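Read the structure below first, then the notes.
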Amino acid sequence: MNKITSKNIFYSDEVPVTEFADVLEKEDIKLTKTDKLEPKMFDRSFSVLLINTRFFKNNLSQLKDIYKNNDERFLFTVLISDGKTEKITDINLIDDIIQMPLIDTIFYKKIKRYFSELYTNYESAILKNELEIRTNELAELAHIGSMLMMEKDLDKLLDQILFISREITSADAGSLYLVEENEKKEKYLRFKLSQTDSLNISYEEFTMPITKTSIAGCVAFNGETLNIEDAYEIPADKEYKLNKSFDEKFGYRTKSMLVIPLKSHTDEVIGVIQLINRKKNIEKILKTPEDFKNEIIQFDEGSETLLYSLGGQAAVAIENSLLYQSIENLFEGFVKASVTAIESRDPTTSGHSQRVAVLTVGIAEQVDKLKTGEYEDVSISKDQIKEIRYASLLHDFGKVGVRENVLVKEKKLYPYEFQELLDRFKFIKQNIKIENLNKKLDFLQKNGGNDYTDFFKQTDNEYGLEIKEIDEYLNTVVKCNEPSVLEEDNLEVLKKIKEKLFMFNGSGEINALTDNEFRDLSIKKGSLNEKQRLEIESHVTHTFKFLQQVPWTKELKGIPGIAYAHHEKLDGVGYPQKLTSEQIPIQSKMMTIADIFDALTAADRPYKKAVPYQRALDILNMEMKSNHIDKDLLDLFINTKTYEKVINDM
């Protein structure tokens with residue numbers, strides 16, 4: 001509101017006030033005669049209008065307009081009556097009536113009262129205006145505080161804080177520092193960001209000591225605000241000085257400064273906001289020396305109060321953001337430790353969880369960009385990306401509940417089982433050899449040393465054929481023990497071996513294969529029998545039950561369900577829930593593609609060889625044609641070459 005100091009009396013013709021001019025002048029009241037009304041007459045002054053009935057009627061419409069638009073006009077209208085009875089309309093526009101003749105003592109007293117009322121109204125208007133401004137400021141600060149509390153990203157939060165600080169104080173430039181601590185518990189300031197309306201420059205973070213020699217350092221050291229009228233004229237007795245290197249480098253002129261500490265709820269300084277060059281016009285771009293001379297003003301008490309209030313909210317928001325970041329770092333560490341625990345059970349799968357996370361997130365990011373197709377309406381937020389990443393990292397955690405010998409089983413028979421089988425075959429061969437020697441001995445005992453050559457030759461031939469057969473059987477067993485696809489011919493040989501009996505100690509009989517060995521060697525593909533396969537598959541349920549125990553935030557509550565469905569197939573033949581396409585979350589469909597691709601292409605594992613990535617893509621296409629995985633997501637995975645994100649890591 002404009003400041004008002006002048007006092008005016010406007011009077012119409014036939015109103016006899018000139019005789020009071022000298023006295024009024026002593027009271028700094030200007031007396032002006034007028035024959036018409038104009039709104040600008042009453043601008044920026046306390047005004048008393050003395051008029052007769054005729055003037056009132058002739059200027060009624062103008063007077064109505066003046067009162068209608070009387071936002072910052074302080075006017076008191078007085079009717080000077082000659083005593084004649086005459087009806088007046090719109091009497092509400094009259095503030096007082098003085099009866100003629102004018103008596104000096106009464107007139108002076110009334111004039112003083114009029115101006116006193118006007119001044120009181122003016123003071124009330126100022127207070128009302130101040131109250132409205134403060135109310136709006138408080139509402140805006142509350143809104144700003146709420147907005148700051150919602151932002152979790154520290155860099156975005158700091159950017160908002162500095163921008164708002166400059167906006168509410170009309171500052172051309174500003175910087176923000178955070179207090180950090182090194183391993184020795186020594187504190188220092190880290191310059192985080194800078195903003196300047198009049199310059200378009202980039203900046204890099206740097207650190208500086210918390211000392212009284214720099215302006216920001218001094219504020220951080222003392223925890224007190226500095227309001228500097230001209231940074232180039234800081235008194236010599238002050239410990240702090242302005243570093244002019246920025247001004248010299250970019251042709252800037254730092255003048256007025258307002259620097260406040262950001263304090264935590266424990267009154268500890270956690271940062272510093274430094275504002276530079278408050279402008280008369282916030283839109284003004286400072287270019288010339290004249291601009292810096294004429295457009296810059298000192299930060300006033302109102303700016304200081306506003307920034308202090310904002311600083312309190314900003315400090316709380318920064319503390320919350322740092323706490324949130326700390327919790328996130330803690331959780332990230334927990335996830336990494338969990339992945340390490342998983343992979344320590346099976347070191348050959350090292351890196352699998354991380355690669356699946358990279359691939360799944362890569363697919364999700366591509367889905368979010370889609371403008372056409374099945375998933376064009378799917379929008380994936382930053383929080384959902386985080387949810388997908390954590391679900392991918394932890395999708396195999398349930399393997400900690402699977403027996404290690406099952407988890408890392410290389411071949412169809414465990415080493416000790418295969419060794420037992422080899423020993424049995426060795427024993428069978430040894431037994432055949434003994435039988436052959438016994439036959440020769442019996443012949444010699446019955447026939448002496450006559451004509452044994454032909455018999456020995458025949459016996460050795462029979463022995464050789466038996467040993468050859470045993471070796472062929474063993475060779476087939478060795479082939480069948482590999483976790484590759486079992487050939488039908490080899491299965492038939494296994495059946496033959498299983499049915500064959502061998503003599504034991506001349507009287508008993510022994511099977512070359514036990515029932516359990518035959519069962520496991522007959523596995524069509526892979527190294528696991530049905531019981532072991534179900535145990536491996538149980539890792540998904542173990543994962544789900546474990547992840548359900550974690551108190552996830554609202555943004556991450558979908559993690560257990562996403563991980564639970566990563567082995568489901570669109571046609572319902574997956575496990576463990578036998579879900580169909582409509583029941584499987586899109587995030588799980590993405591993870592399924594990533595999981596299969598990495599399992600196929602990862603470095604050689606004891607139970608399988610890695611396949612070239614192109615072959616892996618062909619296998620994925622076969623899975624898609626079998627209605628096991630999503631066609632649109634697979635096409636996106638292949639067409640955007642998302643798989644290349646991990647190829648170099650394998």
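By convention in this document, the chains of the structure tokens carry letters A, B, ... by their order, each chain's residues are numbered from 1, and ligands are numbered from 1 in the order they are shown.
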Which residues in stretch 149-359 of chain A does DSSP call strand (DSSP E)? List them as a ChimeraX atom specification.
/A:171-181,187-196,206-209,226-228,257-263,269-279,296-297
Output the selection as a compact mmCIF listing (two decimals), in the first residue's frame - N, CA and C atoms for each residue.
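What landed in selection_29.txt:
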# COMPACT_ATOMS: atom_id res chain seq x y z
N ALA A 171 15.51 -12.86 -5.61
CA ALA A 171 16.97 -12.95 -5.75
C ALA A 171 17.33 -13.39 -7.16
N ASP A 172 18.35 -12.75 -7.72
CA ASP A 172 18.81 -13.09 -9.07
C ASP A 172 19.57 -14.41 -9.07
N ALA A 173 20.29 -14.68 -7.99
CA ALA A 173 21.14 -15.88 -7.96
C ALA A 173 21.14 -16.48 -6.57
N GLY A 174 21.66 -17.69 -6.49
CA GLY A 174 21.74 -18.34 -5.19
C GLY A 174 22.54 -19.62 -5.26
N SER A 175 23.02 -20.06 -4.09
CA SER A 175 23.76 -21.31 -3.99
C SER A 175 23.28 -22.05 -2.75
N LEU A 176 23.47 -23.37 -2.76
CA LEU A 176 23.07 -24.18 -1.61
C LEU A 176 24.21 -25.12 -1.25
N TYR A 177 24.51 -25.17 0.04
CA TYR A 177 25.58 -26.02 0.55
C TYR A 177 25.00 -26.99 1.58
N LEU A 178 25.58 -28.17 1.66
CA LEU A 178 25.23 -29.13 2.70
C LEU A 178 26.45 -29.43 3.56
N VAL A 179 26.19 -29.64 4.85
CA VAL A 179 27.27 -30.01 5.76
C VAL A 179 27.45 -31.52 5.69
N GLU A 180 28.70 -31.96 5.48
CA GLU A 180 29.00 -33.38 5.45
C GLU A 180 30.12 -33.68 6.44
N GLU A 181 30.35 -34.97 6.65
CA GLU A 181 31.34 -35.39 7.65
C GLU A 181 32.21 -36.48 7.05
N LYS A 187 33.82 -32.02 9.94
CA LYS A 187 32.73 -31.49 9.11
C LYS A 187 33.27 -30.50 8.08
N TYR A 188 32.60 -30.48 6.94
CA TYR A 188 32.95 -29.55 5.87
C TYR A 188 31.70 -29.23 5.07
N LEU A 189 31.78 -28.20 4.23
CA LEU A 189 30.66 -27.81 3.37
C LEU A 189 30.84 -28.38 1.98
N ARG A 190 29.75 -28.92 1.46
CA ARG A 190 29.76 -29.35 0.05
C ARG A 190 28.84 -28.43 -0.75
N PHE A 191 29.42 -27.75 -1.73
CA PHE A 191 28.62 -26.94 -2.66
C PHE A 191 27.83 -27.90 -3.54
N LYS A 192 26.47 -27.82 -3.45
CA LYS A 192 25.62 -28.76 -4.16
C LYS A 192 25.09 -28.21 -5.48
N LEU A 193 24.65 -26.94 -5.46
CA LEU A 193 24.12 -26.40 -6.70
C LEU A 193 24.07 -24.89 -6.66
N SER A 194 23.91 -24.31 -7.85
CA SER A 194 23.82 -22.86 -8.00
C SER A 194 22.78 -22.55 -9.06
N GLN A 195 22.10 -21.41 -8.90
CA GLN A 195 21.12 -20.95 -9.88
C GLN A 195 21.33 -19.45 -10.11
N THR A 196 21.29 -19.03 -11.36
CA THR A 196 21.47 -17.63 -11.70
C THR A 196 20.58 -17.26 -12.88
N PHE A 206 31.85 -29.06 -5.20
CA PHE A 206 33.17 -29.00 -4.58
C PHE A 206 32.98 -28.88 -3.08
N THR A 207 34.05 -29.05 -2.34
CA THR A 207 33.96 -28.95 -0.88
C THR A 207 34.81 -27.79 -0.39
N MET A 208 34.48 -27.31 0.79
CA MET A 208 35.22 -26.20 1.39
C MET A 208 35.15 -26.34 2.91
N PRO A 209 36.16 -25.85 3.60
CA PRO A 209 36.15 -25.98 5.07
C PRO A 209 35.12 -25.05 5.71
N LEU A 226 23.54 -13.85 7.80
CA LEU A 226 24.24 -12.65 7.36
C LEU A 226 23.41 -11.96 6.28
N ASN A 227 23.13 -10.66 6.49
CA ASN A 227 22.41 -9.85 5.50
C ASN A 227 23.36 -8.71 5.10
N ILE A 228 23.93 -8.83 3.90
CA ILE A 228 24.98 -7.92 3.46
C ILE A 228 24.44 -6.99 2.38
N MET A 257 23.48 -9.61 -0.40
CA MET A 257 23.50 -11.04 -0.09
C MET A 257 22.68 -11.32 1.16
N LEU A 258 21.98 -12.43 1.13
CA LEU A 258 21.27 -12.92 2.31
C LEU A 258 21.64 -14.39 2.46
N VAL A 259 22.33 -14.71 3.56
CA VAL A 259 22.86 -16.06 3.76
C VAL A 259 22.35 -16.59 5.10
N ILE A 260 21.63 -17.72 5.05
CA ILE A 260 21.06 -18.26 6.29
C ILE A 260 21.51 -19.70 6.51
N PRO A 261 21.61 -20.09 7.80
CA PRO A 261 21.93 -21.49 8.10
C PRO A 261 20.66 -22.34 8.05
N LEU A 262 20.78 -23.56 7.58
CA LEU A 262 19.68 -24.53 7.65
C LEU A 262 19.93 -25.39 8.87
N LYS A 263 18.98 -25.37 9.81
CA LYS A 263 19.20 -26.06 11.07
C LYS A 263 18.22 -27.22 11.24
N VAL A 269 23.48 -27.17 12.45
CA VAL A 269 23.54 -26.65 11.09
C VAL A 269 23.80 -27.81 10.13
N ILE A 270 22.87 -28.00 9.17
CA ILE A 270 23.03 -29.08 8.19
C ILE A 270 23.26 -28.54 6.78
N GLY A 271 23.18 -27.21 6.63
CA GLY A 271 23.39 -26.63 5.31
C GLY A 271 23.32 -25.12 5.35
N VAL A 272 23.53 -24.51 4.18
CA VAL A 272 23.52 -23.06 4.06
C VAL A 272 22.84 -22.68 2.74
N ILE A 273 21.92 -21.71 2.82
CA ILE A 273 21.36 -21.12 1.60
C ILE A 273 21.97 -19.73 1.45
N GLN A 274 22.53 -19.46 0.28
CA GLN A 274 23.16 -18.17 0.01
C GLN A 274 22.45 -17.52 -1.18
N LEU A 275 21.75 -16.41 -0.93
CA LEU A 275 21.04 -15.69 -1.99
C LEU A 275 21.81 -14.42 -2.35
N ILE A 276 21.77 -14.10 -3.64
CA ILE A 276 22.58 -12.99 -4.14
C ILE A 276 21.73 -12.06 -5.00
N ASN A 277 21.88 -10.76 -4.76
CA ASN A 277 21.30 -9.70 -5.59
C ASN A 277 19.77 -9.72 -5.66
N ARG A 278 19.18 -9.14 -4.61
CA ARG A 278 17.72 -8.95 -4.64
C ARG A 278 17.39 -7.87 -5.67
N LYS A 279 16.40 -8.14 -6.54
CA LYS A 279 16.07 -7.23 -7.63
C LYS A 279 14.75 -6.50 -7.36
N ILE A 296 19.52 -3.46 -8.17
CA ILE A 296 19.73 -4.32 -7.01
C ILE A 296 19.46 -3.55 -5.73
N ILE A 297 18.71 -4.18 -4.82
CA ILE A 297 18.42 -3.57 -3.52
C ILE A 297 18.78 -4.57 -2.42
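Rounded to one decimal, atom CA of A:Val361 and atom CA of A:Ile388 lie 6.5 Å from each other.
With only C-alpha atoms as the atoms that count, the residue of A:Gly574, A:Pro289, A:Pro560, A:Pro39 with the shortest distance to A:Phe397 is A:Pro560.
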As a PyMOL selection string, please: the residues near A:Leu421 (cut-off 9 Å, only C-alpha atoms, same-chain neighbours under 4 positions excluded).
chain A and resi 416-417+425-426+512-514+517
Generate the output file for the selected residues, N, CA and C atoms, as a PDB file, in the first residue's frame.
ATOM      1  N   TYR A 416      29.011 -89.499  -5.508  1.00  0.00           N
ATOM      2  CA  TYR A 416      29.168 -90.706  -4.695  1.00  0.00           C
ATOM      3  C   TYR A 416      28.308 -91.842  -5.250  1.00  0.00           C
ATOM      4  N   GLU A 417      27.141 -91.512  -5.836  1.00  0.00           N
ATOM      5  CA  GLU A 417      26.297 -92.535  -6.440  1.00  0.00           C
ATOM      6  C   GLU A 417      26.958 -93.107  -7.698  1.00  0.00           C
ATOM      7  N   PHE A 425      30.410-101.930 -11.443  1.00  0.00           N
ATOM      8  CA  PHE A 425      30.816-102.430 -12.754  1.00  0.00           C
ATOM      9  C   PHE A 425      32.224-103.033 -12.700  1.00  0.00           C
ATOM     10  N   LYS A 426      33.083-102.412 -11.940  1.00  0.00           N
ATOM     11  CA  LYS A 426      34.437-102.936 -11.778  1.00  0.00           C
ATOM     12  C   LYS A 426      34.398-104.305 -11.103  1.00  0.00           C
ATOM     13  N   ALA A 512      23.298-104.793 -12.547  1.00  0.00           N
ATOM     14  CA  ALA A 512      24.281-103.739 -12.824  1.00  0.00           C
ATOM     15  C   ALA A 512      23.764-102.376 -12.385  1.00  0.00           C
ATOM     16  N   LEU A 513      22.425-102.174 -12.459  1.00  0.00           N
ATOM     17  CA  LEU A 513      21.804-100.896 -12.063  1.00  0.00           C
ATOM     18  C   LEU A 513      20.766-101.140 -10.993  1.00  0.00           C
ATOM     19  N   THR A 514      20.764-100.291  -9.966  1.00  0.00           N
ATOM     20  CA  THR A 514      19.700-100.349  -8.963  1.00  0.00           C
ATOM     21  C   THR A 514      18.474 -99.630  -9.511  1.00  0.00           C
ATOM     22  N   GLU A 517      19.083 -95.852  -9.492  1.00  0.00           N
ATOM     23  CA  GLU A 517      20.019 -95.433 -10.543  1.00  0.00           C
ATOM     24  C   GLU A 517      19.326 -95.419 -11.894  1.00  0.00           C
TER      25      GLU A 517
END
Where does stretch 21-71 of chain A meet stretch 115-134 of chain A within 9 Å, residue by residue, with the nearest atom pair and distance in Å to one decimal for each, counting only C-alpha atoms, listed by chain and rising number, as a Markdown table?
| residue | atom | partner | partner_atom | distance |
| --- | --- | --- | --- | --- |
| A:Phe46 | CA | A:Leu118 | CA | 6.4 |
| A:Ser47 | CA | A:Phe115 | CA | 7.8 |
| A:Val48 | CA | A:Phe115 | CA | 7.6 |
Could you build a table of the residues in stretch 365-481 of chain A lying no more than 7 Å from stretch 490-506 of chain A, giving for each the nearest pair of atoms and their separation in Å rounded to one decimal place, using only C-alpha atoms, ordered by chain and ascending residue number, as JSON lines?
{"residue": "A:Asn431", "atom": "CA", "partner": "A:Phe504", "partner_atom": "CA", "distance": 6.9}
{"residue": "A:Tyr473", "atom": "CA", "partner": "A:Ile497", "partner_atom": "CA", "distance": 6.8}
{"residue": "A:Thr476", "atom": "CA", "partner": "A:Asn490", "partner_atom": "CA", "distance": 6.4}
{"residue": "A:Cys480", "atom": "CA", "partner": "A:Asn490", "partner_atom": "CA", "distance": 7.0}
Produce a file of the selected residues containing N, CA and C atoms, as a PDB file, in the first residue's frame.
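Output file selection26.pdb is given in full below:
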ATOM      1  N   ASN A 431      34.624-110.058 -11.342  1.00  0.00           N
ATOM      2  CA  ASN A 431      33.959-111.332 -11.108  1.00  0.00           C
ATOM      3  C   ASN A 431      33.959-112.187 -12.378  1.00  0.00           C
ATOM      4  N   TYR A 473      28.145-101.074 -21.944  1.00  0.00           N
ATOM      5  CA  TYR A 473      27.087-100.685 -21.004  1.00  0.00           C
ATOM      6  C   TYR A 473      27.526 -99.466 -20.168  1.00  0.00           C
ATOM      7  N   THR A 476      27.468 -96.301 -22.113  1.00  0.00           N
ATOM      8  CA  THR A 476      26.098 -95.785 -22.239  1.00  0.00           C
ATOM      9  C   THR A 476      25.653 -95.118 -20.944  1.00  0.00           C
ATOM     10  N   CYS A 480      24.377 -91.362 -20.406  1.00  0.00           N
ATOM     11  CA  CYS A 480      23.053 -91.087 -19.817  1.00  0.00           C
ATOM     12  C   CYS A 480      23.150 -90.245 -18.551  1.00  0.00           C
TER      13      CYS A 480
END
Can you pull out every residue from stretch 388-564 of chain A that DSSP, working from the backbone, puts in alpha helix (DSSP H), and format the result as a PyMOL selection string?
chain A and resi 388-393+404-407+415-447+452-480+488-499+515-521+530-548+559-564
Residue neighbourhood A:Thr89, 10 Å, only C-alpha atoms, exclusion window fewer than 2 positions, as a list in words:
Phe56, Lys57, Leu60, Glu86, Lys87, Ile91, Asn92 and Leu93 of chain A
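Remark: for A:Lys110, the closest of the candidate residues A:Tyr232, A:Glu167, A:Gln62, A:Leu50 is A:Leu50 (distances computed over only C-alpha atoms).
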What's around A:Asp346 at 9 Å? Count only C-alpha atoms, leave out sequence neighbours fewer than 3 positions away in its own chain, and write the answer as an mmCIF file with N, CA and C atoms, in the first residue's frame.
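The result, written out as result.cif:
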data_model
loop_
_atom_site.group_PDB
_atom_site.id
_atom_site.type_symbol
_atom_site.label_atom_id
_atom_site.label_comp_id
_atom_site.auth_asym_id
_atom_site.auth_seq_id
_atom_site.Cartn_x
_atom_site.Cartn_y
_atom_site.Cartn_z
ATOM 1 N N ILE A 342 22.399 -65.841 -1.667
ATOM 2 C CA ILE A 342 21.855 -66.754 -2.680
ATOM 3 C C ILE A 342 22.992 -67.360 -3.498
ATOM 4 N N GLU A 343 23.852 -66.484 -3.992
ATOM 5 C CA GLU A 343 24.891 -66.928 -4.914
ATOM 6 C C GLU A 343 25.991 -67.720 -4.224
ATOM 7 N N THR A 349 26.296 -69.522 -10.444
ATOM 8 C CA THR A 349 25.260 -68.596 -10.941
ATOM 9 C C THR A 349 25.573 -67.156 -10.557
ATOM 10 N N SER A 350 26.793 -66.872 -10.158
ATOM 11 C CA SER A 350 27.174 -65.527 -9.729
ATOM 12 C C SER A 350 26.819 -64.473 -10.787
ATOM 13 N N GLU A 404 21.627 -77.866 -0.711
ATOM 14 C CA GLU A 404 22.710 -77.446 -1.592
ATOM 15 C C GLU A 404 23.061 -78.516 -2.621
ATOM 16 N N LEU A 407 20.647 -78.170 -5.299
ATOM 17 C CA LEU A 407 20.796 -76.889 -5.985
ATOM 18 C C LEU A 407 21.940 -76.921 -6.998
ATOM 19 N N VAL A 408 23.030 -77.580 -6.643
ATOM 20 C CA VAL A 408 24.213 -77.559 -7.511
ATOM 21 C C VAL A 408 24.446 -78.909 -8.186
#
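Distance annotation: of A:Glu268, A:Glu27, A:Lys255, A:Pro551, the residue with the minimal separation from A:Tyr108 is A:Glu27; atom set is only C-alpha atoms.
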Within 9 Å of stretch 459-470 of chain A, counting only C-alpha atoms, which residues show up once you throw out same-chain ones fewer than 5 positions away? Write them as a PyMOL selection string, please.
chain A and resi 425+428-429+432-433+435-437+439-440+454+475
Residues from last step as file, C-alpha atoms, as a PDB file, in the first residue's frame:
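Written file, result32.pdb:
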ATOM      1  CA  PHE A 425      30.816-102.430 -12.754  1.00  0.00           C
ATOM      2  CA  ILE A 428      31.260-107.290 -12.133  1.00  0.00           C
ATOM      3  CA  LYS A 429      34.227-107.220 -14.524  1.00  0.00           C
ATOM      4  CA  ILE A 432      33.816-112.229 -14.829  1.00  0.00           C
ATOM      5  CA  LYS A 433      37.608-112.439 -14.860  1.00  0.00           C
ATOM      6  CA  GLU A 435      34.929-116.911 -13.513  1.00  0.00           C
ATOM      7  CA  ASN A 436      37.133-117.136 -16.593  1.00  0.00           C
ATOM      8  CA  LEU A 437      40.132-118.224 -14.487  1.00  0.00           C
ATOM      9  CA  LYS A 439      36.932-122.296 -15.919  1.00  0.00           C
ATOM     10  CA  LYS A 440      40.571-122.703 -16.955  1.00  0.00           C
ATOM     11  CA  ASP A 454      41.886-124.441 -27.838  1.00  0.00           C
ATOM     12  CA  ASN A 475      29.863 -96.095 -21.744  1.00  0.00           C
TER      13      ASN A 475
END
Considering only C-alpha atoms, can you say which of A:Thr372, A:Ser338, A:Gln445, A:Ser527 comes closest to A:Lys412?
A:Ser527
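Atom CA of A:Ala357 lies 5.6 Å from atom CA of A:Leu393.
The protein and nucleic acid residues lying at most 8 Å from A:Leu620 are Ile593, Ile596, Phe597, Ile629 and Leu634 of chain A, with only C-alpha atoms considered and sequence neighbours fewer than 5 positions away removed.
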Selected residues written out with C-alpha atoms, as a PDB file, in the first residue's frame:
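out.pdb, freshly written:
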ATOM      1  CA  ILE A 593      11.979 -63.352 -20.461  1.00  0.00           C
ATOM      2  CA  ILE A 596      15.274 -67.470 -19.367  1.00  0.00           C
ATOM      3  CA  PHE A 597      17.659 -65.423 -21.516  1.00  0.00           C
ATOM      4  CA  ILE A 629       5.965 -66.124 -22.800  1.00  0.00           C
ATOM      5  CA  LEU A 634       9.616 -60.555 -26.392  1.00  0.00           C
TER       6      LEU A 634
END
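Coordinates place atom CA of A:Phe637 at a distance of 14.7 Å from atom CA of A:Met622.
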